[in-house]
>>> print(open('upload18.tsv').read())   # TSV, C-alpha atoms and all ligand atoms
chain	number	residue	atom	x	y	z
O	1	MET	CA	29.40	10.44	11.87
O	2	ASP	CA	29.28	7.54	14.33
O	3	LYS	CA	31.23	8.65	17.35
O	4	ASN	CA	32.65	5.32	18.38
O	5	LYS	CA	33.43	4.12	14.91
O	6	ILE	CA	37.07	4.13	13.85
O	7	TYR	CA	37.14	5.05	10.18
O	8	LEU	CA	39.61	3.94	7.55
O	9	SER	CA	40.74	7.43	6.60
O	10	LEU	CA	39.04	10.25	8.46
O	11	SER	CA	39.95	13.84	7.62
O	12	GLN	CA	41.28	16.30	10.16
O	13	GLN	CA	40.50	20.04	10.35
O	14	SER	CA	43.00	22.80	11.03
O	15	GLY	CA	40.31	25.14	12.38
O	16	PHE	CA	40.98	27.76	9.68
O	17	GLU	CA	38.58	26.25	7.14
O	18	LYS	CA	35.57	28.00	8.73
O	19	GLU	CA	37.18	31.44	8.47
O	20	TYR	CA	37.93	31.01	4.78
O	21	ILE	CA	34.41	29.81	4.04
O	22	GLN	CA	32.95	32.72	6.01
O	23	LYS	CA	35.12	35.22	4.16
O	24	ALA	CA	34.14	33.75	0.79
O	25	LEU	CA	30.48	34.15	1.74
O	26	GLU	CA	30.97	37.70	3.02
O	27	THR	CA	32.77	38.81	-0.14
O	28	ASN	CA	30.19	36.97	-2.28
O	29	TRP	CA	32.86	34.87	-4.02
O	30	ILE	CA	30.53	31.89	-4.30
O	31	THR	CA	31.35	30.56	-7.72
O	32	SER	CA	33.76	28.36	-9.61
O	33	GLY	CA	37.18	29.97	-9.72
O	34	GLY	CA	38.01	33.06	-7.66
O	35	PRO	CA	40.77	34.48	-5.46
O	36	TYR	CA	41.01	31.45	-3.16
O	37	VAL	CA	41.38	29.17	-6.17
O	38	ASP	CA	44.32	31.28	-7.42
O	39	GLU	CA	45.87	31.34	-3.95
O	40	PHE	CA	45.43	27.59	-3.47
O	41	GLU	CA	47.10	26.91	-6.82
O	42	GLU	CA	50.04	29.15	-5.94
O	43	ILE	CA	50.60	27.40	-2.60
O	44	LEU	CA	50.46	23.99	-4.30
O	45	GLU	CA	52.94	25.15	-6.95
O	46	ASN	CA	55.37	26.33	-4.27
O	47	TYR	CA	54.94	23.09	-2.41
O	48	LEU	CA	55.50	20.85	-5.44
O	49	LYS	CA	58.32	23.02	-6.90
O	50	ASP	CA	60.12	21.97	-10.09
O	51	GLY	CA	58.31	24.64	-12.12
O	52	SER	CA	54.99	22.91	-11.76
O	53	PHE	CA	51.83	24.62	-12.97
O	54	THR	CA	48.75	23.59	-11.06
O	55	THR	CA	45.12	23.89	-12.10
O	56	ALA	CA	42.57	23.43	-9.32
O	57	LEU	CA	39.57	21.37	-10.41
O	58	ASN	CA	36.42	19.88	-8.90
O	59	SER	CA	37.90	16.37	-8.63
O	60	GLY	CA	40.91	14.18	-9.30
O	61	THR	CA	38.83	12.29	-11.84
O	62	SER	CA	38.29	15.52	-13.82
O	63	ALA	CA	42.04	16.10	-13.71
O	64	ILE	CA	42.74	12.69	-15.29
O	65	HIS	CA	40.08	13.34	-17.91
O	66	LEU	CA	41.58	16.73	-18.82
O	67	ALA	CA	45.09	15.20	-18.99
O	68	LEU	CA	43.81	12.70	-21.56
O	69	ILE	CA	42.14	15.49	-23.54
O	70	LEU	CA	45.29	17.62	-23.46
O	71	LEU	CA	47.29	14.64	-24.73
O	72	GLY	CA	44.86	14.33	-27.63
O	73	VAL	CA	43.44	10.94	-26.64
O	74	LYS	CA	40.48	10.22	-28.91
O	75	SER	CA	37.96	7.52	-29.71
O	76	GLY	CA	39.66	4.18	-30.43
O	77	ASP	CA	43.05	5.20	-29.02
O	78	GLU	CA	44.69	2.89	-26.50
O	79	VAL	CA	45.73	4.06	-23.04
O	80	ILE	CA	47.77	1.94	-20.66
O	81	CYS	CA	46.72	1.95	-17.01
O	82	GLN	CA	47.91	0.29	-13.80
O	83	SER	CA	45.33	-2.38	-12.93
O	84	LEU	CA	45.65	-2.27	-9.14
O	85	THR	CA	44.02	1.10	-8.47
O	86	PHE	CA	40.76	2.90	-7.80
O	87	SER	CA	38.36	2.93	-10.76
O	88	ALA	CA	38.77	6.72	-11.12
O	89	SER	CA	42.23	6.12	-12.65
O	90	ALA	CA	40.66	4.23	-15.55
O	91	ASN	CA	37.13	5.61	-16.03
O	92	PRO	CA	38.24	8.78	-17.88
O	93	ILE	CA	39.75	6.52	-20.60
O	94	LEU	CA	36.20	5.37	-21.31
O	95	TYR	CA	34.88	8.96	-21.18
O	96	GLN	CA	37.09	9.54	-24.25
O	97	ASN	CA	35.83	6.36	-25.89
O	98	ALA	CA	39.41	5.12	-25.78
O	99	ILE	CA	40.54	1.58	-24.91
O	100	PRO	CA	42.19	0.82	-21.56
O	101	VAL	CA	45.05	-1.67	-21.53
O	102	PHE	CA	45.70	-2.91	-18.00
O	103	ILE	CA	49.09	-3.75	-16.51
O	104	ASP	CA	49.89	-5.90	-13.50
O	105	SER	CA	51.80	-4.80	-10.39
O	106	GLU	CA	55.23	-5.88	-9.17
O	107	LEU	CA	55.76	-7.04	-5.59
O	108	GLU	CA	58.20	-4.39	-4.39
O	109	THR	CA	56.04	-1.27	-4.74
O	110	TRP	CA	52.69	-2.92	-5.61
O	111	ASN	CA	52.57	-0.52	-8.55
O	112	ILE	CA	52.88	-0.90	-12.33
O	113	CYS	CA	55.36	-3.60	-13.30
O	114	PRO	CA	58.16	-2.49	-15.70
O	115	GLU	CA	58.45	-5.91	-17.39
O	116	SER	CA	54.72	-6.28	-18.02
O	117	LEU	CA	54.58	-2.67	-19.19
O	118	GLU	CA	57.24	-3.19	-21.83
O	119	ILE	CA	55.72	-6.47	-23.00
O	120	ALA	CA	52.39	-4.69	-23.38
O	121	ILE	CA	53.81	-1.72	-25.30
O	122	LYS	CA	55.64	-4.03	-27.73
O	123	ASP	CA	52.56	-6.18	-28.23
O	124	ARG	CA	50.20	-3.25	-28.78
O	125	ILE	CA	52.61	-1.76	-31.32
O	126	LYS	CA	52.85	-5.15	-33.05
O	127	LYS	CA	49.05	-5.31	-33.14
O	128	GLY	CA	49.01	-1.94	-34.89
O	129	LYS	CA	48.45	0.75	-32.25
O	130	LYS	CA	51.02	2.54	-30.17
O	131	PRO	CA	49.46	3.49	-26.80
O	132	LYS	CA	48.77	7.22	-26.51
O	133	ALA	CA	49.47	7.52	-22.77
O	134	ILE	CA	50.37	5.57	-19.63
O	135	ILE	CA	48.48	6.15	-16.38
O	136	THR	CA	50.70	5.26	-13.42
O	137	VAL	CA	49.64	5.29	-9.77
O	138	HIS	CA	51.42	5.83	-6.45
O	139	LEU	CA	49.25	3.34	-4.62
O	140	TYR	CA	48.35	4.16	-1.01
O	141	GLY	CA	50.89	7.00	-1.20
O	142	SER	CA	53.93	4.91	-2.10
O	143	PRO	CA	55.90	5.82	-5.25
O	144	TYR	CA	56.11	3.38	-8.14
O	145	LYS	CA	59.44	2.43	-9.75
O	146	ILE	CA	59.80	5.85	-11.28
O	147	ASP	CA	63.23	5.48	-12.93
O	148	GLU	CA	62.42	2.16	-14.60
O	149	ILE	CA	58.91	3.10	-15.72
O	150	HIS	CA	59.85	6.52	-17.10
O	151	ALA	CA	62.87	5.07	-18.94
O	152	ILE	CA	60.53	2.65	-20.76
O	153	ALA	CA	57.96	5.37	-21.50
O	154	ASP	CA	60.73	7.64	-22.86
O	155	ARG	CA	62.16	4.87	-25.02
O	156	TYR	CA	58.83	4.51	-26.80
O	157	GLY	CA	57.93	8.20	-26.62
O	158	ILE	CA	54.73	7.68	-24.64
O	159	PRO	CA	53.65	10.39	-22.16
O	160	ILE	CA	52.87	9.49	-18.55
O	161	ILE	CA	49.88	10.71	-16.55
O	162	GLU	CA	50.94	10.31	-12.96
O	163	ASP	CA	47.95	9.56	-10.72
O	164	SER	CA	49.19	11.08	-7.49
O	165	ALA	CA	45.71	11.24	-5.92
O	166	GLU	CA	46.87	9.30	-2.87
O	167	ALA	CA	50.43	10.62	-2.77
O	168	LEU	CA	50.42	14.34	-1.95
O	169	GLY	CA	53.41	14.67	0.39
O	170	SER	CA	55.24	11.63	-0.99
O	171	SER	CA	58.46	11.92	-2.95
O	172	TYR	CA	61.07	9.94	-4.85
O	173	LYS	CA	64.76	10.84	-4.55
O	174	GLY	CA	63.64	14.10	-2.95
O	175	LYS	CA	61.32	15.15	-5.80
O	176	LYS	CA	57.60	15.41	-5.07
O	177	CYS	CA	55.17	12.85	-6.46
O	178	GLY	CA	52.94	14.46	-9.08
O	179	THR	CA	55.85	16.24	-10.80
O	180	PHE	CA	57.40	13.34	-12.74
O	181	GLY	CA	54.89	12.75	-15.53
O	182	SER	CA	53.86	14.84	-18.53
O	183	PHE	CA	50.87	15.45	-16.28
O	184	GLY	CA	50.29	14.73	-12.62
O	185	ILE	CA	46.99	14.70	-10.81
O	186	LEU	CA	45.97	15.21	-7.19
O	187	SER	CA	42.72	14.52	-5.35
O	188	PHE	CA	41.26	16.43	-2.42
O	189	ASN	CA	38.34	14.07	-1.87
O	190	GLY	CA	37.13	13.65	1.70
O	191	ASN	CA	39.23	10.57	2.42
O	192	LYS	CA	42.54	11.87	1.02
O	193	ILE	CA	45.44	13.32	3.00
O	194	ILE	CA	43.93	16.80	2.72
O	195	THR	CA	40.44	17.58	1.49
O	196	THR	CA	38.51	20.41	-0.13
O	197	SER	CA	35.32	18.32	0.44
O	198	SER	CA	35.61	17.39	-3.21
O	199	GLY	CA	38.37	18.56	-5.47
O	200	GLY	CA	41.46	17.80	-7.45
O	201	ALA	CA	44.29	19.37	-9.39
O	202	LEU	CA	46.09	18.92	-12.67
O	203	ILE	CA	49.86	19.40	-12.53
O	204	SER	CA	51.68	20.26	-15.74
O	205	SER	CA	55.02	21.68	-16.74
O	206	SER	CA	53.87	24.70	-18.78
O	207	ILE	CA	51.64	27.74	-18.42
O	208	ASP	CA	50.22	26.79	-21.80
O	209	PHE	CA	48.78	23.54	-20.49
O	210	LYS	CA	47.48	25.30	-17.40
O	211	GLU	CA	45.64	27.87	-19.52
O	212	LYS	CA	44.23	25.16	-21.78
O	213	ALA	CA	43.07	23.15	-18.76
O	214	ILE	CA	41.26	26.21	-17.37
O	215	PHE	CA	39.70	26.79	-20.81
O	216	TYR	CA	38.28	23.24	-20.98
O	217	ALA	CA	37.25	23.29	-17.31
O	218	ASN	CA	35.26	26.50	-17.92
O	219	GLN	CA	33.08	25.17	-20.76
O	220	SER	CA	35.56	25.96	-23.57
O	221	LYS	CA	34.44	29.53	-24.16
O	222	ASP	CA	36.14	31.06	-27.18
O	223	ASP	CA	37.28	34.68	-27.08
O	224	ALA	CA	33.97	36.40	-27.90
O	225	ALA	CA	31.36	38.47	-26.03
O	226	HIS	CA	28.63	36.01	-26.94
O	227	TYR	CA	29.22	32.42	-25.82
O	228	GLN	CA	31.03	30.81	-28.72
O	229	HIS	CA	32.36	27.23	-28.59
O	230	SER	CA	34.57	25.36	-31.00
O	231	ASP	CA	35.52	22.62	-28.52
O	232	ILE	CA	33.60	20.35	-26.13
O	233	GLY	CA	33.48	22.11	-22.78
O	234	TYR	CA	33.47	20.78	-19.23
O	235	ASN	CA	32.35	22.19	-15.89
O	236	TYR	CA	35.42	21.04	-13.97
O	237	ARG	CA	36.81	24.13	-12.20
O	238	MET	CA	37.21	24.16	-8.41
O	239	SER	CA	34.80	26.45	-6.54
O	240	ASN	CA	36.08	29.34	-4.47
O	241	ILE	CA	34.48	27.89	-1.32
O	242	CYS	CA	36.19	24.53	-1.82
O	243	ALA	CA	39.51	26.31	-2.40
O	244	GLY	CA	38.92	28.13	0.91
O	245	ILE	CA	38.64	24.76	2.63
O	246	GLY	CA	41.84	23.78	0.83
O	247	LEU	CA	43.66	26.85	2.18
O	248	GLY	CA	42.68	25.80	5.68
O	249	GLN	CA	43.67	22.20	5.01
O	250	ILE	CA	47.06	22.80	3.42
O	251	LYS	CA	48.27	24.31	6.69
O	252	ILE	CA	48.19	20.81	8.19
O	253	LEU	CA	49.44	18.80	5.24
O	254	ASP	CA	52.89	18.26	6.80
O	255	LYS	CA	51.31	17.41	10.12
O	256	ASN	CA	49.01	14.88	8.45
O	257	VAL	CA	51.94	13.24	6.67
O	258	ILE	CA	53.73	12.87	10.00
O	259	ALA	CA	50.59	11.46	11.64
O	260	ARG	CA	50.06	8.90	8.85
O	261	ARG	CA	53.69	7.87	8.98
O	262	GLU	CA	53.36	7.46	12.73
O	263	ASN	CA	50.35	5.20	12.15
O	264	HIS	CA	52.59	3.12	9.91
O	265	SER	CA	55.26	2.89	12.64
O	266	PHE	CA	52.57	1.86	15.10
O	267	TYR	CA	51.55	-1.02	12.83
O	268	LYS	CA	55.17	-1.93	12.24
O	269	GLU	CA	55.64	-2.41	15.97
O	270	ILE	CA	52.48	-4.52	16.29
O	271	PHE	CA	53.27	-6.81	13.38
O	272	LYS	CA	57.01	-7.18	13.83
O	273	GLU	CA	56.72	-10.60	15.44
O	274	LEU	CA	53.77	-11.94	13.46
O	275	GLU	CA	55.14	-14.11	10.70
O	276	SER	CA	51.86	-14.48	8.87
O	277	VAL	CA	51.50	-10.70	8.39
O	278	LYS	CA	53.62	-8.44	6.23
O	279	LEU	CA	53.18	-4.69	6.55
O	280	PHE	CA	53.82	-2.90	3.25
O	281	GLU	CA	56.99	-0.82	3.44
O	282	VAL	CA	58.83	1.19	0.82
O	283	LEU	CA	61.81	-0.48	-0.82
O	284	ASN	CA	64.60	1.89	0.31
O	285	GLU	CA	65.27	5.52	1.22
O	286	ASP	CA	64.81	6.76	-2.35
O	287	TYR	CA	61.11	6.21	-1.73
O	288	TYR	CA	59.33	8.51	0.72
O	289	SER	CA	55.70	7.59	1.32
O	290	ASN	CA	53.03	9.67	3.04
O	291	TYR	CA	51.63	6.24	3.99
O	292	TRP	CA	48.17	7.57	3.20
O	293	LEU	CA	46.93	4.11	4.12
O	294	SER	CA	48.84	1.44	6.02
O	295	THR	CA	48.33	-1.91	4.32
O	296	ILE	CA	49.16	-5.52	5.16
O	297	LEU	CA	49.30	-8.90	3.47
O	298	ILE	CA	48.05	-11.87	5.47
O	299	GLU	CA	49.22	-15.38	4.68
O	300	PRO	CA	46.02	-17.42	5.00
O	301	ASN	CA	45.87	-20.31	7.46
O	302	LYS	CA	42.71	-22.35	6.94
O	303	GLU	CA	43.02	-24.38	10.15
O	304	LYS	CA	43.25	-21.30	12.35
O	305	GLY	CA	40.67	-19.36	10.35
O	306	ILE	CA	43.21	-16.69	9.55
O	307	ASP	CA	42.80	-14.64	6.41
O	308	ALA	CA	42.24	-11.03	5.36
O	309	GLU	CA	38.46	-11.34	5.23
O	310	ASN	CA	38.19	-12.85	8.72
O	311	LEU	CA	40.41	-10.11	10.13
O	312	ARG	CA	38.24	-7.52	8.41
O	313	ILE	CA	35.16	-9.07	10.08
O	314	ALA	CA	36.90	-9.13	13.48
O	315	PHE	CA	37.53	-5.38	13.11
O	316	GLU	CA	33.98	-4.76	11.92
O	317	ASN	CA	32.62	-6.50	15.02
O	318	GLN	CA	34.43	-3.86	17.08
O	319	ASN	CA	33.11	-1.00	14.91
O	320	ILE	CA	36.47	-0.51	13.20
O	321	GLU	CA	36.55	0.06	9.46
O	322	THR	CA	39.15	-1.72	7.33
O	323	ARG	CA	38.96	-2.51	3.63
O	324	PRO	CA	40.37	-4.97	1.10
O	325	LEU	CA	42.88	-3.54	-1.36
O	326	TRP	CA	41.51	-2.07	-4.59
O	327	LYS	CA	40.05	-4.85	-6.68
O	328	PRO	CA	42.19	-4.87	-9.86
O	329	MET	CA	40.53	-3.14	-12.79
O	330	HIS	CA	41.00	-6.06	-15.19
O	331	LEU	CA	38.75	-8.12	-12.88
O	332	GLN	CA	35.99	-5.51	-12.77
O	333	PRO	CA	32.83	-6.29	-14.78
O	334	ILE	CA	33.04	-2.92	-16.57
O	335	PHE	CA	36.67	-3.45	-17.62
O	336	GLU	CA	37.17	-7.21	-17.95
O	337	LYS	CA	36.79	-7.24	-21.72
O	338	TYR	CA	39.86	-5.04	-22.24
O	339	PRO	CA	43.46	-6.26	-22.71
O	340	TYR	CA	45.53	-7.14	-19.65
O	341	TYR	CA	49.24	-7.97	-19.35
O	342	GLY	CA	50.68	-9.57	-16.25
O	343	ASN	CA	51.27	-12.49	-13.95
O	344	LYS	CA	48.38	-12.31	-11.48
O	345	ILE	CA	50.39	-10.40	-8.91
O	346	ALA	CA	47.69	-7.75	-8.39
O	347	GLU	CA	45.15	-10.55	-7.98
O	348	ASP	CA	47.26	-12.19	-5.32
O	349	LEU	CA	47.73	-8.88	-3.47
O	350	PHE	CA	43.97	-8.34	-3.63
O	351	GLU	CA	43.37	-11.82	-2.13
O	352	LYS	CA	45.72	-11.34	0.80
O	353	GLY	CA	45.65	-7.60	1.43
O	354	LEU	CA	43.88	-5.35	3.90
O	355	CYS	CA	43.91	-1.56	4.40
O	356	LEU	CA	44.03	-0.62	8.08
O	357	PRO	CA	42.64	2.47	9.84
O	358	SER	CA	45.05	5.25	8.88
O	359	GLY	CA	43.32	8.58	9.57
O	360	SER	CA	45.41	11.62	10.45
O	361	SER	CA	43.51	11.95	13.72
O	362	LEU	CA	43.77	8.41	15.14
O	363	THR	CA	44.01	8.72	18.94
O	364	ILE	CA	45.91	6.59	21.46
O	365	GLU	CA	42.56	5.09	22.48
O	366	ASP	CA	41.79	4.23	18.85
O	367	LYS	CA	45.18	2.59	18.52
O	368	ASN	CA	44.64	0.57	21.68
O	369	ARG	CA	41.31	-0.69	20.33
O	370	ILE	CA	42.97	-1.63	17.03
O	371	LYS	CA	45.82	-3.39	18.83
O	372	GLU	CA	43.38	-5.42	20.94
O	373	VAL	CA	41.55	-6.71	17.88
O	374	ILE	CA	44.81	-7.75	16.23
O	375	GLU	CA	46.16	-9.46	19.32
O	376	SER	CA	42.99	-11.40	20.03
O	377	PHE	CA	42.63	-12.37	16.35
O	378	PHE	CA	46.11	-13.83	16.03
O	379	ASN	CA	46.32	-15.47	19.48
O	401	LIG	C1	40.74	9.22	-5.08
O	401	LIG	C2	41.41	8.73	-6.27
O	401	LIG	C3	41.15	9.27	-7.54
O	401	LIG	C4	40.02	10.18	-7.84
O	401	LIG	O1	39.95	11.36	-7.18
O	401	LIG	P1	38.54	12.09	-6.96
O	401	LIG	O2	38.96	13.42	-6.45
O	401	LIG	O3	37.78	11.29	-5.96
O	401	LIG	O4	37.84	12.18	-8.26
O	401	LIG	C5	41.90	8.82	-8.62
O	401	LIG	N1	42.85	7.89	-8.46
O	401	LIG	C6	43.11	7.33	-7.28
O	401	LIG	C7	44.18	6.30	-7.19
O	401	LIG	C8	42.40	7.72	-6.14
O	401	LIG	O5	42.64	7.13	-4.97
>>> encode(input="upload18.tsv", output="structure tokens", more="lines below")
Ligand SMILES: *Cc1c(COP(=O)(O)O)cnc(C)c1O
Amino acid sequence: MDKNKIYLSLSQQSGFEKEYIQKALETNWITSGGPYVDEFEEILENYLKDGSFTTALNSGTSAIHLALILLGVKSGDEVICQSLTFSASANPILYQNAIPVFIDSELETWNICPESLEIAIKDRIKKGKKPKAIITVHLYGSPYKIDEIHAIADRYGIPIIEDSAEALGSSYKGKKCGTFGSFGILSFNGNKIITTSSGGALISSSIDFKEKAIFYANQSKDDAAHYQHSDIGYNYRMSNICAGIGLGQIKILDKNVIARRENHSFYKEIFKELESVKLFEVLNEDYYSNYWLSTILIEPNKEKGIDAENLRIAFENQNIETRPLWKPMHLQPIFEKYPYYGNKIAEDLFEKGLCLPSGSSLTIEDKNRIKEVIESFFN
């Protein structure tokens, strides 16, 4: 990777990853599943607590797909999904030939809006189909309005799949993100707070679901000596080598959370006197964010040439990577034909927002370079 480039979300190594990989090679555990996969799951379960059962998979996307399968989502079913998110939250709905119904954000957490959610549920029921599931997201590591959203979901008896891909290490009222929904999912992609190079996990509340998830992830092999299949199978299990990387990575999860939260404090200091910039912050102390990415909203000023895109370019000119917020799913060509409920809040956030460099290994020099760009841009 480019040595002088400051990346948006660069991973950090503990130094132990190499040893685990070496040991996996020496013991010839080079396959999907294996002792490191079991060990990684156990550590995650202890970390998440609340009786969580964790199934390690080859990606967060696979985890969402398996959650939909385990909830019985089939062709023609409707599944509600937060619009302001990465496409991986919504794509598995299409894998099942189901219909996504997108919901706007609210301004306090940037996540799924309770009012729009309830309006959507009522309207879909009126139109003849009760949604089969709700996919919620803790965007950029910050919890959504968990009490309000889950109360609505419970009232209508609709299960929640909690996309916690960006929120490992975050919590709400002291309970870890990923453990609130009927299912939770994690991602260990290269840009996430810890990585297994590629990987994910499905969190559920029963051993039954865990066993079923492993069954589907291992090509749905029935109990027979010959390969017998009465269900569609998937090749979704995490490999032993990747789990080894995960065992090295999980040692620095807490450290990474601290580092990312320190990045957020650094930005808070920089922006505290800039009226045209608002750093995203959690609503109150019930919400604990890993601040996977620090994000800002910039009030555009045409005369001065100030807006999110121009700031992004100013960073790019100094070899510093920043990125607009996720483009809402209901505006994406692949999804725009599906129903959407909301008030254009996600669109407005997308217009004004920018994700700032937030890697766990940002140095003082990096921060000085970032600060210089910001100061010269706004002065
Ligand atoms: C990264 C991410 C995913 C997908 O995880 P992968 O492991 O890359 O498949 C899903 N949802 C959100 C919100 C993400 O950021």
>>> residues_near_ligand(input="upload18.tsv", ligand="ligand LIG 401 (chain O)", cutoff="7 Å", atoms="only C-alpha atoms and all ligand atoms", output="ChimeraX atom specification")
/O:59-62,85-86,88-89,137,139,163-166,187-189,192,198-200
>>> closest_atom_pairs(input="upload18.tsv", of="range 40-140 of chain O", to="range 252-255 of chain O", cutoff="12 Å", atoms="all atoms listed in the file", output="JSON lines")
{"residue": "O:Ile43", "atom": "CA", "partner": "O:Leu253", "partner_atom": "CA", "distance": 11.7}
{"residue": "O:Leu44", "atom": "CA", "partner": "O:Leu253", "partner_atom": "CA", "distance": 10.9}
{"residue": "O:Tyr47", "atom": "CA", "partner": "O:Leu253", "partner_atom": "CA", "distance": 10.4}
>>> residues_around(input="upload18.tsv", residues="Lys145 in chain O", least_positions_apart="5", cutoff="10 Å", atoms="all atoms listed in the file", output="MDAnalysis selection string")
chainID O and resid 106 108:114 136 138 150 172 283 287
>>> residues_around(input="upload18.tsv", residues="range 240-245 of chain O", least_positions_apart="3", cutoff="7 Å", atoms="only C-alpha atoms", output="list in words")
Glu17, Tyr20, Ile21, Ala24, Trp29, Ile30, Thr31, Ser32, Gly33, Gly34, Tyr36, Val37, Phe40, Thr196, Ser197, Gly248 and Gln249 of chain O
>>> residues_around(input="upload18.tsv", residues="range 272-274 of chain O", least_positions_apart="6", cutoff="12 Å", atoms="all atoms listed in the file", output="PDB file with C-alpha atoms, in the frame of the given file")
ATOM      1  CA  HIS O 264      52.590   3.120   9.910  1.00  0.00           C
ATOM      2  CA  SER O 265      55.260   2.890  12.640  1.00  0.00           C
ATOM      3  CA  PHE O 266      52.570   1.860  15.100  1.00  0.00           C
ATOM      4  CA  PHE O 280      53.820  -2.900   3.250  1.00  0.00           C
ATOM      5  CA  ILE O 296      49.160  -5.520   5.160  1.00  0.00           C
ATOM      6  CA  LEU O 297      49.300  -8.900   3.470  1.00  0.00           C
ATOM      7  CA  ILE O 298      48.050 -11.870   5.470  1.00  0.00           C
ATOM      8  CA  GLU O 299      49.220 -15.380   4.680  1.00  0.00           C
ATOM      9  CA  ILE O 374      44.810  -7.750  16.230  1.00  0.00           C
ATOM     10  CA  GLU O 375      46.160  -9.460  19.320  1.00  0.00           C
ATOM     11  CA  PHE O 377      42.630 -12.370  16.350  1.00  0.00           C
ATOM     12  CA  PHE O 378      46.110 -13.830  16.030  1.00  0.00           C
ATOM     13  CA  ASN O 379      46.320 -15.470  19.480  1.00  0.00           C
TER      14      ASN O 379
END
>>> atom_distance(input="upload18.tsv", atom1="CA of Asp77 in chain O", atom2="CA of Ile99 in chain O")
6.0 Å
